[in-house]
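Some notes on the structure that comes next.
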Amino acid sequence: MTKTRHNHYVPQWYQEGFFEPGKNKLAYLDLAPRQETLADGRVIKHRDLFDSPTSRAFQQHDLYSTFLGNSVNDEIERFLFGDVDRKGSKAIRAYAGTDRSEWHHNFQTLFEYIDVQKIRTPKGLDWLKAQYPALTQNELMYEMQAIRTMHCTIWTEGVREIISAENSDVKFIISDHPVTIYNYAAAPDAPVCRYPNDPSIALKASQTIIPLTQEFCLILTNLEYAKNPETKPLEKRTFARNFRSSVVRTDAFVRERKLSAVQVNQINHIIKSRARRYVAAGRKEWLYPERTVNEPWANLRRTLLPPKDGLFLYGGEIYARFEDGHVHYQDEFGRTEKPRDFLIKALPARDPRSNQMCGCGSGFYFGDCCESRPLELRPAWDEASIRERNLMLYNAIVNVLKFRDGKDWTTVRREMTDEQISEVYHLFEGLWPLETDILRLLPKPDGKPRAVYTGSIHPSVVKDFALGACLYFGPIIVQHPFLHAGILRKEYSPVAKPKIYRQEFLKAVMFFFTVLPLVELGLINLVPDPGYFNAHLRTQTYDLAKMRAGGIKIDIRETDQMRRLAREDFQRSLLSLSPENLRRQLTKAGAPMPENMSMDDVMAYVERLKDDDPLAVLQEGSLDGGKEGG
């Protein structure tokens, strides 16, 4: 079989939608034509404007090919993009038409095609490569497939408008990167737009432009910006999370505006400004919109904003009742939980003084914290910080376990109830809703030194490195020891089944209290696993770990520390046996009894061992709370 090695990153069927009637070629403009230096020193510039059939345009040799030795594989081109283009062409035709039933049937396909089209171009692949230190061609193709539906949810939750050039003498053009991102606060020469970057679609004022044909163009606008064009343009939209489910109206498209030639030229100017190297159009003269567009970059947003009277189709809250009685709730941003009032902070009218506490909740003075940072590099000020949530959890644990009554740790362990364990885990779940935007709370890459601790979070070993590391690296990010009940089925949840978490609860509390002084000082950021808040990230992380760990054999006996921890935990398991079972195990083991010592003396000694071990569970029956009494 002949290998397909000339890969069209803008499909031929898509280019054909920009033909003039009766034509079978497009006019193409090379924005960076090749130059050649002759032997005599003269520089020849190759032709920049040409007509071409679609078979020769927007294609690159081995763009999607993968390699195994000398063997070339073209399955991504034939199977992946073959299927994407087959479905995508049908979707594009549907939305160039007016049949709403076709819109509904092709809704998901449309956005999947747009997302693939954004990443499959040379510019899109260059952007992906820039996110990693180094990727081979095979690894690049793997990562491309992993993120090819990344933006779909955010796009579908926005305002969707199809504009028309039917009344204009000028029609829409296309580029070698057809999915164009426009943000009026980020001109083409802005750092955020430096090749191969585009403004993130998660920014409030970022709008996505996709010409469907030469007559129609789709514009996707974040709802917050559509409702209030004066909102901060470079701030992330509310609940800007990729790879999640959402409920939206599939027939909600604003389709009223027919643009003038001036307006079409303005959109073409944006498309051309964000191209990598090539643009194409049905006529040569349409390839030079800058000749008639005199508006500053920021003013072009007036043409892209959807009409106010079309916004009634979007927003509001959704309640959907299913046959099993379950009710799904969703607000206009896709959140399925209402914001918790106790986590929301009012923004100050002005920045604090340098010697006042910083509004981000870090525990540092403003002058030592956010004062020198631009807004986009500051953690969120409008919700409780990581540190503040941990201090709330500390106060809750102290109250629930009644530390304020002067009890020591042994007494607390002895009087600890399953109801208390359940309550603490429930409070932790409340402090960290599953829809928390953890990235808003984490420190940003602002040039200040920090470190991430990736070692064991066992309470007996964390002090060996993590606590002293702050002296060398500055603030440390450490994974939180508490498990989030919200990610577990009820039968495994520490809220519903606290008995099986007695041992882990003691470890978590001991670890938490050990690091708390540094948490309070802002030197340790105790952060829940980001996978709690992003199911896709969690799944991808697990899958990558399995893939990369293939063939790796780990023997904990080779590590003194791990061997010690394993031995101690095994001893705690034995000590947690019921007195009857423990007596039976000791008798069965046939261990020699010390002279002048009865079995009752041994059992009393076991109780003293448990009292002296701060991580030992003191309640009976702690090993029979699992499945089938295990």
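Residues in the structure tokens are named by chain (A, B, ... in the order shown) and by number from 1 within that chain; ligands are numbered from 1 in the order shown.
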Checklist entry - Any idea what's packed within 7 Å of A:Gly88, counting only C-alpha atoms, ignoring anything in its chain fewer than 6 positions away? Could you give it as a list in words? => result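 In the requested format, the answer is Thr109, Leu110 and Tyr113 of chain A.
Neighbours of A:Lys123 closer than or equal to 9 Å, with only C-alpha atoms counted and sequence neighbours fewer than 3 positions away skipped, come out as Lys118, Ile119, Arg120, Asp126, Trp127, Leu128, Asp176, His177, Tyr195, Pro196, Asn197, Ala275 and Arg276 of chain A.
Of the listed residues (A:Arg563, A:Asp115, A:Leu304, A:Phe107), A:Phe107 comes nearest to A:Ala94; the distances count only C-alpha atoms.
For stretch 176-305 of chain A, backbone-based DSSP labels the following residues as strand (DSSP E): Thr180, Ile181, Tyr182, Asn183, Ser206, Gln207, Thr208, Ile209, Ile210, Pro211, Phe216, Cys217, Leu218, Ile219, Leu220, Thr221, Tyr278, Val279, Ala280 and Ala281 of chain A.
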Next on the checklist: For a quick check of understanding, using only C-alpha atoms, which of A:His536, A:Arg160, A:His484, A:His61 has the smallest distance to A:Arg244?
Outcome noted: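 Of A:His536, A:Arg160, A:His484, A:His61, the one nearest A:Arg244 is A:His536, counting only C-alpha atoms.
Among the candidates A:Met144, A:Leu300, A:Val248, A:Leu401, the one nearest to A:Tyr184 when counting only C-alpha atoms is A:Leu300.
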Checklist entry - If you run DSSP on this backbone, which residues of stretch 397-455 of chain A come out as alpha helix (DSSP H), and could you give them as a PyMOL selection string? => result chain A and resi 397-400+409-415+418-431+438-441
Next on the checklist: What's around A:Leu523 at 12 Å? Count only C-alpha atoms, leave out sequence neighbours fewer than 5 positions away in its own chain, and write the answer as a ChimeraX atom specification.
Outcome noted: /A:362-364,386-387,443,449-452,466-478,515-518
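Every protein, DNA or RNA residue with an atom at most 9 Å from stretch 573-589 of chain A, where only C-alpha atoms count and chain neighbours fewer than 6 positions away do not, is listed here: Met599, Met603, Val606, Glu607, Leu609, Lys610, Ala616, Val617, Leu618, Gln619, Glu620, Gly621, Ser622, Leu623 and Asp624 of chain A.
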Checklist entry - Using only C-alpha atoms, which of A:Asn24, A:Ser245, A:Thr250, A:Gln266 sits nearest A:Arg335? => result A:Ser245
Item to check | Spatial neighbours of A:Pro530, 9 Å, only C-alpha atoms, chain gap at least 4 places, as a ChimeraX atom specification | outcome: /A:438-439,534,537-538
Next on the checklist: Need to verify the contact set: A:Arg350, 12 Å, only C-alpha atoms, exclusion of same-chain residues closer than 5 positions in sequence. Can you return it as a PyMOL selection string?
Outcome noted: chain A and resi 358-359+371+381
Would you put the residues from that selection into a file with all heavy atoms, as a JSON list (two decimals), in the first residue's frame?
[["chain", "number", "residue", "atom", "x", "y", "z"],
["A", 358, "CYS", "N", -0.80, 40.68, 52.81],
["A", 358, "CYS", "CA", -1.17, 40.60, 51.40],
["A", 358, "CYS", "C", -2.58, 40.02, 51.25],
["A", 358, "CYS", "O", -2.99, 39.12, 52.00],
["A", 358, "CYS", "CB", -0.17, 39.72, 50.65],
["A", 358, "CYS", "SG", -0.39, 39.74, 48.86],
["A", 359, "GLY", "N", -3.29, 40.51, 50.26],
["A", 359, "GLY", "CA", -4.67, 40.07, 50.03],
["A", 359, "GLY", "C", -4.80, 38.66, 49.49],
["A", 359, "GLY", "O", -5.90, 38.11, 49.46],
["A", 371, "GLU", "N", 3.04, 42.74, 45.69],
["A", 371, "GLU", "CA", 3.15, 44.13, 45.26],
["A", 371, "GLU", "C", 3.91, 44.27, 43.94],
["A", 371, "GLU", "O", 3.55, 45.06, 43.07],
["A", 371, "GLU", "CB", 3.83, 44.97, 46.34],
["A", 371, "GLU", "CG", 3.85, 46.46, 46.02],
["A", 371, "GLU", "CD", 4.33, 47.31, 47.18],
["A", 371, "GLU", "OE1", 5.12, 46.79, 48.01],
["A", 371, "GLU", "OE2", 3.93, 48.48, 47.28],
["A", 381, "TRP", "N", -7.32, 36.61, 44.84],
["A", 381, "TRP", "CA", -7.59, 37.40, 46.04],
["A", 381, "TRP", "C", -9.06, 37.30, 46.46],
["A", 381, "TRP", "O", -9.42, 37.75, 47.54],
["A", 381, "TRP", "CB", -7.26, 38.88, 45.78],
["A", 381, "TRP", "CG", -5.81, 39.23, 45.80],
["A", 381, "TRP", "CD1", -4.77, 38.49, 45.32],
["A", 381, "TRP", "CD2", -5.23, 40.43, 46.32],
["A", 381, "TRP", "NE1", -3.59, 39.14, 45.49],
["A", 381, "TRP", "CE2", -3.83, 40.35, 46.11],
["A", 381, "TRP", "CE3", -5.74, 41.56, 46.93],
["A", 381, "TRP", "CZ2", -2.96, 41.34, 46.49],
["A", 381, "TRP", "CZ3", -4.88, 42.57, 47.31],
["A", 381, "TRP", "CH2", -3.49, 42.46, 47.10]]
Item to check | Selection near A:Ala384, 7 Å with only C-alpha atoms, sequence-local residues under 6 positions removed, as a ChimeraX atom specification | outcome: /A:343-345
Checklist outcome for this item: A:Ala281 proximity check over A:Phe172, A:Phe322, A:Phe253, A:Phe111, using only C-alpha atoms: winner is A:Phe172
Checklist outcome for this item: A:Ser164 proximity check over A:Glu256, A:Glu295, A:Asp613, A:Glu139, using only C-alpha atoms: winner is A:Glu256
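Note that atom CA of A:Leu31 and atom CA of A:Arg277 are 5.0 Å apart.
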Checklist entry - Quick one, how far is atom CA of A:Leu223 from atom CA of A:Gly158? => result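 Spanning atom CA of A:Leu223 to atom CA of A:Gly158 is a straight-line distance of 5.1 Å.
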Go through stretch 97-213 of chain A and flag each residue having an atom no more than 9 Å from stretch 225-234 of chain A; for those, report the closest pair of atoms plus their distance in Å to one decimal, using only C-alpha atoms, ordered by chain and rising number, as CSV.
residue,atom,partner,partner_atom,distance
A:Gly158,CA,A:Ala226,CA,8.7
A:Val159,CA,A:Ala226,CA,7.3
A:Asn183,CA,A:Pro233,CA,7.3
A:Tyr184,CA,A:Pro233,CA,7.6
A:Ala185,CA,A:Pro233,CA,6.3
A:Ala186,CA,A:Leu234,CA,8.2
A:Pro199,CA,A:Leu234,CA,8.6
A:Ser200,CA,A:Leu234,CA,8.9
A:Ala202,CA,A:Leu234,CA,9.0
A:Leu203,CA,A:Leu234,CA,5.3
A:Lys204,CA,A:Pro233,CA,5.3
A:Ala205,CA,A:Pro233,CA,4.5
A:Ser206,CA,A:Pro233,CA,7.4
Take the selection from the previous step and output its residues with all heavy atoms, as a compact mmCIF listing (two decimals), in the first residue's frame.
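What landed in out_28.txt:
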# COMPACT_ATOMS: atom_id res chain seq x y z
N GLY A 158 -19.86 29.07 25.55
CA GLY A 158 -19.85 30.48 25.20
C GLY A 158 -21.00 30.85 24.27
O GLY A 158 -21.88 30.05 23.96
N VAL A 159 -20.97 32.10 23.83
CA VAL A 159 -21.95 32.60 22.86
C VAL A 159 -21.48 32.21 21.47
O VAL A 159 -20.34 32.48 21.08
CB VAL A 159 -22.10 34.13 22.97
CG1 VAL A 159 -23.06 34.65 21.91
CG2 VAL A 159 -22.57 34.51 24.37
N ASN A 183 -7.90 38.50 20.94
CA ASN A 183 -8.15 39.17 22.21
C ASN A 183 -7.75 40.62 22.02
O ASN A 183 -6.60 40.91 21.67
CB ASN A 183 -7.35 38.52 23.35
CG ASN A 183 -7.75 39.04 24.72
OD1 ASN A 183 -7.75 40.25 24.97
ND2 ASN A 183 -8.11 38.12 25.61
N TYR A 184 -8.70 41.52 22.23
CA TYR A 184 -8.42 42.93 21.89
C TYR A 184 -7.30 43.51 22.74
O TYR A 184 -6.65 44.49 22.34
CB TYR A 184 -9.70 43.77 22.03
CG TYR A 184 -10.09 44.11 23.45
CD1 TYR A 184 -9.57 45.24 24.09
CD2 TYR A 184 -10.99 43.33 24.17
CE1 TYR A 184 -9.94 45.58 25.38
CE2 TYR A 184 -11.36 43.65 25.46
CZ TYR A 184 -10.83 44.77 26.07
OH TYR A 184 -11.20 45.11 27.35
N ALA A 185 -7.00 42.89 23.91
CA ALA A 185 -5.94 43.40 24.78
C ALA A 185 -4.59 42.74 24.48
O ALA A 185 -3.62 42.99 25.19
CB ALA A 185 -6.31 43.18 26.24
N ALA A 186 -4.55 41.89 23.45
CA ALA A 186 -3.30 41.20 23.10
C ALA A 186 -3.06 41.36 21.61
O ALA A 186 -3.49 40.53 20.80
CB ALA A 186 -3.38 39.72 23.49
N PRO A 199 -3.41 33.91 22.39
CA PRO A 199 -4.05 34.14 23.69
C PRO A 199 -4.89 32.92 24.07
O PRO A 199 -5.55 32.33 23.22
CB PRO A 199 -4.92 35.38 23.45
CG PRO A 199 -4.34 36.03 22.24
CD PRO A 199 -3.78 34.93 21.41
N SER A 200 -4.86 32.54 25.31
CA SER A 200 -5.65 31.38 25.75
C SER A 200 -7.13 31.64 25.54
O SER A 200 -7.62 32.75 25.77
CB SER A 200 -5.39 31.11 27.23
OG SER A 200 -6.32 30.19 27.75
N ALA A 202 -9.29 30.62 27.39
CA ALA A 202 -9.88 30.75 28.72
C ALA A 202 -9.89 32.19 29.21
O ALA A 202 -10.57 32.49 30.19
CB ALA A 202 -9.12 29.88 29.71
N LEU A 203 -9.17 33.10 28.55
CA LEU A 203 -9.19 34.50 28.94
C LEU A 203 -10.54 35.11 28.56
O LEU A 203 -11.10 34.81 27.52
CB LEU A 203 -8.06 35.27 28.26
CG LEU A 203 -6.65 34.75 28.54
CD1 LEU A 203 -5.61 35.59 27.79
CD2 LEU A 203 -6.36 34.75 30.03
N LYS A 204 -11.06 35.96 29.42
CA LYS A 204 -12.43 36.44 29.25
C LYS A 204 -12.69 37.05 27.88
O LYS A 204 -13.73 36.81 27.27
CB LYS A 204 -12.77 37.45 30.35
CG LYS A 204 -12.97 36.82 31.72
CD LYS A 204 -13.35 37.85 32.76
CE LYS A 204 -13.60 37.19 34.12
NZ LYS A 204 -13.92 38.18 35.18
N ALA A 205 -11.77 37.86 27.37
CA ALA A 205 -12.02 38.56 26.12
C ALA A 205 -11.49 37.84 24.90
O ALA A 205 -11.48 38.39 23.80
CB ALA A 205 -11.42 39.97 26.17
N SER A 206 -11.04 36.60 25.06
CA SER A 206 -10.57 35.84 23.90
C SER A 206 -11.77 35.35 23.09
O SER A 206 -12.69 34.75 23.64
CB SER A 206 -9.71 34.65 24.35
OG SER A 206 -8.46 35.08 24.81
Next on the checklist: Just the number, please: distance in Å from atom CA of A:Gln571 to atom CA of A:Pro459, one decimal.
Outcome noted: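 Computing the Euclidean distance for atom CA of A:Gln571 and atom CA of A:Pro459 yields 16.4 Å.
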